[in-house]
Amino acid sequence: MNKKLPRMLRPNIRLYFIMFFAFSISTFFFGGFSHELGIVQFFILIILIIYSRIVTKRRTAKLIDYLESVSDGMDLTIRDIPLPVMLYNPDTDEIIWSNDKFISAAGLKTPFFERHISDVVPDYNGEWLLDRRHEYPEILTLGQDKYRVFGNMVRTDDEYFAATYWVNLSAYEETSEEYYNSRPVFMVLLLDNYDELIKGITEREKAVLISNIDDKINFWVSGKGGFICRSDRDRYIFIFEDRHLDSIKNDNFSILDDVHNEVSSNGINATLCIGVGKDGETPNECYRFASLGIEMALSRGGDQAVVRNRYGFEFFGGHSPQKEKRTKVRSRIIANAFGELLNDASKVYIMGHKSADFDSVGSAIGINCIARSKRKTAYIVIDMLDNLAQDMISNVALKPEYKDVFISEQDAILDIDSKSLLVVVDTNRLDQVESGSLLLSCTRVAVIDHHRRSADYIDDAVLNFHEPHASSTAELVTELLQNLVDSSDILRIEAEALLAGLVLDTKGFSINTGSGTFEAAAFLRRIGAEVTAVKRLLQSDLETTTARYALMREAIMYKDGITIAAGNEEYSRVEIAQAADELLNIQGVNTSFAVARTGDHVYVSGRSIGGLNVQVVLEKLGGGGSQSTAGLQVTGKTVDEVVEDLKKAIDSCKR
C-alpha cells in the first residue's frame with residue numbers, strides 16, 4: 001500500500017486523463033446551466049485518448065522498425081525472439097512495448113499501457129544499463145518464475161530506450177537448489193570425557209550408560225535420512241544431506257543437552273563434542289573439515305558443536321563448566337619441544353595481545369627468563385603507551401637483565417631474520433596480537449594460551465601449548481619454567497610478575513582454578529615471589545576505584561543471576577573490567593557484564609562464576625575470551641544499542 005500511492009501520483013498521461021474525466025463529470029452535474037460544456041469536455045477527452053493511443057503506437061512501431069532494421073540479415077527479428085522481451089524508457093521507467101511472451105510471463109492478459117516496470121517487477125533497478133552493463137546483477141522474479149535479465153541501450157533518432165531480454169531460470173534454479181541440498185555433510189560425534197565417565201563403574205553400569213547414550217544419538221539422527229555408525233568406543237560418524245543441517249543448527253544441536261543429562265554412577269555427566277564438515281570438494285575433504293571441527297571443539301573445552309566449511313567456523317553449545325584435564329606428562333613433552341625450538345632459534349621475540357594486561361606481560365617475562373637460561377637473545381614486543389601493566393614493566397625494566405628487552409613493533413620487524421622464533425602469549429586470535437605485521441613476518445611461531453580457541457586462531461604455529469582448562473597463561477608458563485629452568489636462575493621480580501598474572505586472571509584464586517593453579521602459585525612463592533609486592537602491583541588509585549563504583553551503581557538485574565551495568569559516562573577499560581569483577585561479589589549474581597564507552601569505542605567486560613559462559617555470549621557479538629572472563633570492543637554503536645545486542649545474545653544462549 002505504501003508503494004502504490006506514490007506510483008498512482010506519479011505524473012503520467014493516465015493520471016491526467018483521470019483528472020480531466022473528473023472535471024468533465026463535475027462540470028456536467030454541478031455546473032448549473034453548463035451541461036453542454038461538460039459534454040464538450042467529455043468529447044475532447046475521448047479525442048485526446050484516441051490521439052494518445054495513436055501517437056504511442058506510432059512511436060512503438062517506429063522503435064520496432066528501427067530494431068528490425070538493425071537485425072536485417074539475421075534469421076530472427078525482435079518480434080520472433082523466443083524469449084520474453086520488454087522495452088522501456090530509462091528516464092521514466094515506462095514500459096513502451098513487450099512481446100506476448102513477456103505479457104504471459106507477467107501473468108497479464110492485455111498489453112501494457114502507461115505502466116511502469118516497477119509495477120510489474122517491484123525489485124527491478126535500471127542502474128545496471130546506465131552503468132553500461134549488459135547483465136542484471138541478480139535473479140529477478142517475474143510472475144511465478146525466476147529470470148536472468150540481459151539488455152542494452154538502444155538509440156533512435158531523438159531518444160534512448162532500454163531493451164531487456166528475460167531468460168527463464170526456474171528449472172535451473174530448482175536443479176541447483178536440489179544439488180546444494182543433496183550434498184553430503186559429515187558429522188563426527190565424540191564422547192570427550194569417555195575415560196572419566198566409565199572410571200570406577202562396573203561393566204554392567206558401563207553397558208547401560210553407553211546404551212542410553214547410543215539410544216539418544218540414534219533417536220536424534222532419525223528422520224534425517226542419513227547413515228550413522230559407531231567407529232570407535234567413543235566416536236560416531238553420521239553422514240546426511242545438507243538439507244537437514246539448517247534444522248539441526250536451529251535446534252542448537254539439542255543432542256548436546258540430551259547426552260549431558262546422562263550421569264554415570266560416579267556422578268560424572270557425559271559430554272559430547274560434535275564436528276560438522278560441509279562444502280568440501282570431495283567427501284574426504286568434508287571428513288577433514290569435520291575432524292577440524294572436533295579439534296576446535298576440544299580446544300575450546302568440549303561439550304559443544306563446531307561447524308566447519310571452507311570459509312570458517314560456527315559454534316554451538318559450550319555452556320558446561322570446564323574440568324581440568326591436563327597431565328604432567330603433556331607439560332613435560334611440551335616443555336621439551338619448546339626447549340628444542342629455543343635451541344634452534346637465532347633470536348626470540350615475545351608478544352601478547354593488544355592493550356597487554358598483567359597475565360600477558362607476566363607470561364612474556366616468564367618466556368624471556370626461559371630464553372635467557374638457554375642463552376638466547378630475547379625481546380618483548382609491546383606498545384609502551386597502550387598497556388595495562390605499566391607499573392610492572394617499569395619495575396622489571398630497571399633490572400640489568402632487562403636492559404633494551406622491551407622494544408616496539410617497528411624495531412622487531414627491522415631486526416627479525418629467517419631463524420627467529422616468535423612466541424605469542426595469552427591470545428590465539430590473529431586480530432588480537434600486539435603486531436599482526438610481525439606475526440606475518442615470522443616463519444616460526446609458538447603459541448601459549450589459555451583462552452578458548454576462536455574461529456580466526458593462529459593455525460600455522462610450529463608449537464601450540466593451548467590449554468583452555470588452565471586458569472591463566474602465567475600458569476602454563478610457570479609449568480614450562482619448572483621443566484626448563486633451575487629455580488636459582490629465576491629472578492624474584494620475574495616470579496612476582498607471573499604470580500600477578502595468575503592472581504589477576506583467577507580474581508584472587510576465586511574463579512577458574514584447578515590443582516595446577518595452586519601448584520604453580522606454590523612454586524612461585526617458593527622461589528621468592530612476595531604476595532605483598534603482587535598486591536601492590538594490583539592496587540588501583542582512588543580515581544579508578546571511585547569510577548568503578550559509579551559504574552556499578554548503574555547495574556540492573558537482567559535475569560536470575562545475570563546483572564548488567566551500563567554507564568553513559570566515559571570510563572577506562574580498567575574501570576569497566578573492575579566493575580564487572582566487583583559485581584560478582586553481590587549475593588545472587590553469578591554472571592556480570594559492564595558496558596561503557598572509552599573514546600570512540602564501547603567496551604563490554606563479562607565475568608562468570610558458574611553461570612553463563614560469557615565467552616559464548618560475547619562471541620555472538622564479535623568478542624572472545626574464556627568461559628569465566630571475556631571482552632568485546634564495538635565501534636559505531638551507542639551504549640544503549642550494545643546493551644540491546646547483549647541482551648539478545650544472552651537470551652539466545654541455553655543452559
# chains A, B, ... in the order shown; residues from 1 in each chain; ligands from 1
call {"tool": "select_by_dssp", "arguments": {"residues": "range 550-631 of chain A", "states": "strand (DSSP E)", "output": "ChimeraX atom specification"}}
result
/A:555-559,562-570,591-598,601-608,624-625,629-631
call {"tool": "residues_around", "arguments": {"residues": "Gln539 in chain A", "least_positions_apart": "4", "cutoff": "12 Å", "atoms": "only C-alpha atoms", "output": "VMD selection string"}}
result
chain A and resid 389 391 to 392 500 504 532 to 535 543 to 545 574 578
call {"tool": "write_last_selection", "arguments": {"atoms": "C-alpha atoms", "output": "PDB file, in the first residue's frame"}}
result
ATOM      1  CA  ALA A 389      50.732  -3.229  33.252  1.00  0.00           C
ATOM      2  CA  ASP A 391      53.988  -0.402  36.834  1.00  0.00           C
ATOM      3  CA  MET A 392      55.159  -3.984  36.285  1.00  0.00           C
ATOM      4  CA  ALA A 500      50.484 -11.206  39.456  1.00  0.00           C
ATOM      5  CA  LEU A 504      44.609 -11.326  38.202  1.00  0.00           C
ATOM      6  CA  THR A 532      52.600  -8.121  49.278  1.00  0.00           C
ATOM      7  CA  ALA A 533      54.567  -6.962  46.204  1.00  0.00           C
ATOM      8  CA  VAL A 534      51.950  -8.566  43.962  1.00  0.00           C
ATOM      9  CA  LYS A 535      49.206  -6.892  45.969  1.00  0.00           C
ATOM     10  CA  GLU A 543      40.054   7.885  40.974  1.00  0.00           C
ATOM     11  CA  THR A 544      39.772   4.450  39.336  1.00  0.00           C
ATOM     12  CA  THR A 545      38.110   2.982  42.405  1.00  0.00           C
ATOM     13  CA  VAL A 574      40.399  -0.938  33.641  1.00  0.00           C
ATOM     14  CA  GLN A 578      36.997  -3.984  37.556  1.00  0.00           C
TER      15      GLN A 578
END
call {"tool": "residues_around", "arguments": {"residues": "Asn613 in chain A", "least_positions_apart": "6", "cutoff": "12 Å", "atoms": "only C-alpha atoms", "output": "PyMOL selection string"}}
result
chain A and resi 300-301+304+316-322+452+562+590-593+606-607+619-620+624-630+649-650+653-655
call {"tool": "residues_around", "arguments": {"residues": "range 164-172 of chain A", "least_positions_apart": "4", "cutoff": "9 Å", "atoms": "only C-alpha atoms", "output": "PyMOL selection string"}}
result
chain A and resi 83-88+102+139+144-153+176-177
call {"tool": "write_last_selection", "arguments": {"atoms": "N, CA and C atoms", "output": "JSON list (two decimals), in the first residue's frame"}}
result
[["chain", "number", "residue", "atom", "x", "y", "z"],
["A", 83, "LEU", "N", 12.08, -15.42, -26.49],
["A", 83, "LEU", "CA", 12.25, -15.06, -25.08],
["A", 83, "LEU", "C", 11.31, -13.91, -24.75],
["A", 84, "PRO", "N", 10.93, -13.75, -23.50],
["A", 84, "PRO", "CA", 10.20, -12.54, -23.12],
["A", 84, "PRO", "C", 11.08, -11.32, -23.37],
["A", 85, "VAL", "N", 10.55, -10.34, -24.08],
["A", 85, "VAL", "CA", 11.28, -9.11, -24.40],
["A", 85, "VAL", "C", 10.45, -7.92, -23.95],
["A", 86, "MET", "N", 11.12, -6.93, -23.37],
["A", 86, "MET", "CA", 10.41, -5.74, -22.90],
["A", 86, "MET", "C", 11.28, -4.51, -23.14],
["A", 87, "LEU", "N", 10.70, -3.47, -23.70],
["A", 87, "LEU", "CA", 11.38, -2.21, -23.93],
["A", 87, "LEU", "C", 10.77, -1.16, -23.02],
["A", 88, "TYR", "N", 11.62, -0.31, -22.45],
["A", 88, "TYR", "CA", 11.09, 0.74, -21.58],
["A", 88, "TYR", "C", 11.95, 1.98, -21.69],
["A", 102, "PHE", "N", 6.41, -11.95, -22.80],
["A", 102, "PHE", "CA", 6.61, -11.18, -21.56],
["A", 102, "PHE", "C", 5.27, -10.93, -20.88],
["A", 139, "ILE", "N", 19.10, -12.38, -9.72],
["A", 139, "ILE", "CA", 17.99, -13.13, -10.31],
["A", 139, "ILE", "C", 16.69, -12.42, -9.94],
["A", 144, "GLN", "N", 5.55, -16.19, -11.71],
["A", 144, "GLN", "CA", 5.85, -17.32, -10.83],
["A", 144, "GLN", "C", 7.25, -17.88, -11.03],
["A", 145, "ASP", "N", 8.01, -17.28, -11.94],
["A", 145, "ASP", "CA", 9.30, -17.86, -12.31],
["A", 145, "ASP", "C", 10.47, -16.93, -12.00],
["A", 146, "LYS", "N", 11.68, -17.53, -12.03],
["A", 146, "LYS", "CA", 12.92, -16.79, -11.83],
["A", 146, "LYS", "C", 13.58, -16.52, -13.18],
["A", 147, "TYR", "N", 14.12, -15.31, -13.34],
["A", 147, "TYR", "CA", 14.68, -14.92, -14.62],
["A", 147, "TYR", "C", 16.04, -14.25, -14.45],
["A", 148, "ARG", "N", 16.93, -14.53, -15.40],
["A", 148, "ARG", "CA", 18.16, -13.77, -15.57],
["A", 148, "ARG", "C", 17.90, -12.78, -16.69],
["A", 149, "VAL", "N", 18.23, -11.50, -16.46],
["A", 149, "VAL", "CA", 17.88, -10.44, -17.40],
["A", 149, "VAL", "C", 19.14, -9.92, -18.09],
["A", 150, "PHE", "N", 19.07, -9.83, -19.42],
["A", 150, "PHE", "CA", 20.12, -9.24, -20.23],
["A", 150, "PHE", "C", 19.53, -8.04, -20.97],
["A", 151, "GLY", "N", 20.39, -7.13, -21.39],
["A", 151, "GLY", "CA", 19.84, -5.97, -22.09],
["A", 151, "GLY", "C", 20.91, -5.03, -22.59],
["A", 152, "ASN", "N", 20.44, -3.99, -23.28],
["A", 152, "ASN", "CA", 21.33, -2.95, -23.78],
["A", 152, "ASN", "C", 20.52, -1.69, -24.06],
["A", 153, "MET", "N", 21.21, -0.57, -24.21],
["A", 153, "MET", "CA", 20.57, 0.69, -24.53],
["A", 153, "MET", "C", 20.46, 0.83, -26.05],
["A", 176, "SER", "N", 19.68, -26.52, -9.29],
["A", 176, "SER", "CA", 20.79, -26.03, -8.47],
["A", 176, "SER", "C", 20.48, -26.18, -6.98],
["A", 177, "GLU", "N", 19.24, -25.84, -6.60],
["A", 177, "GLU", "CA", 18.85, -25.95, -5.19],
["A", 177, "GLU", "C", 18.90, -27.40, -4.72]]
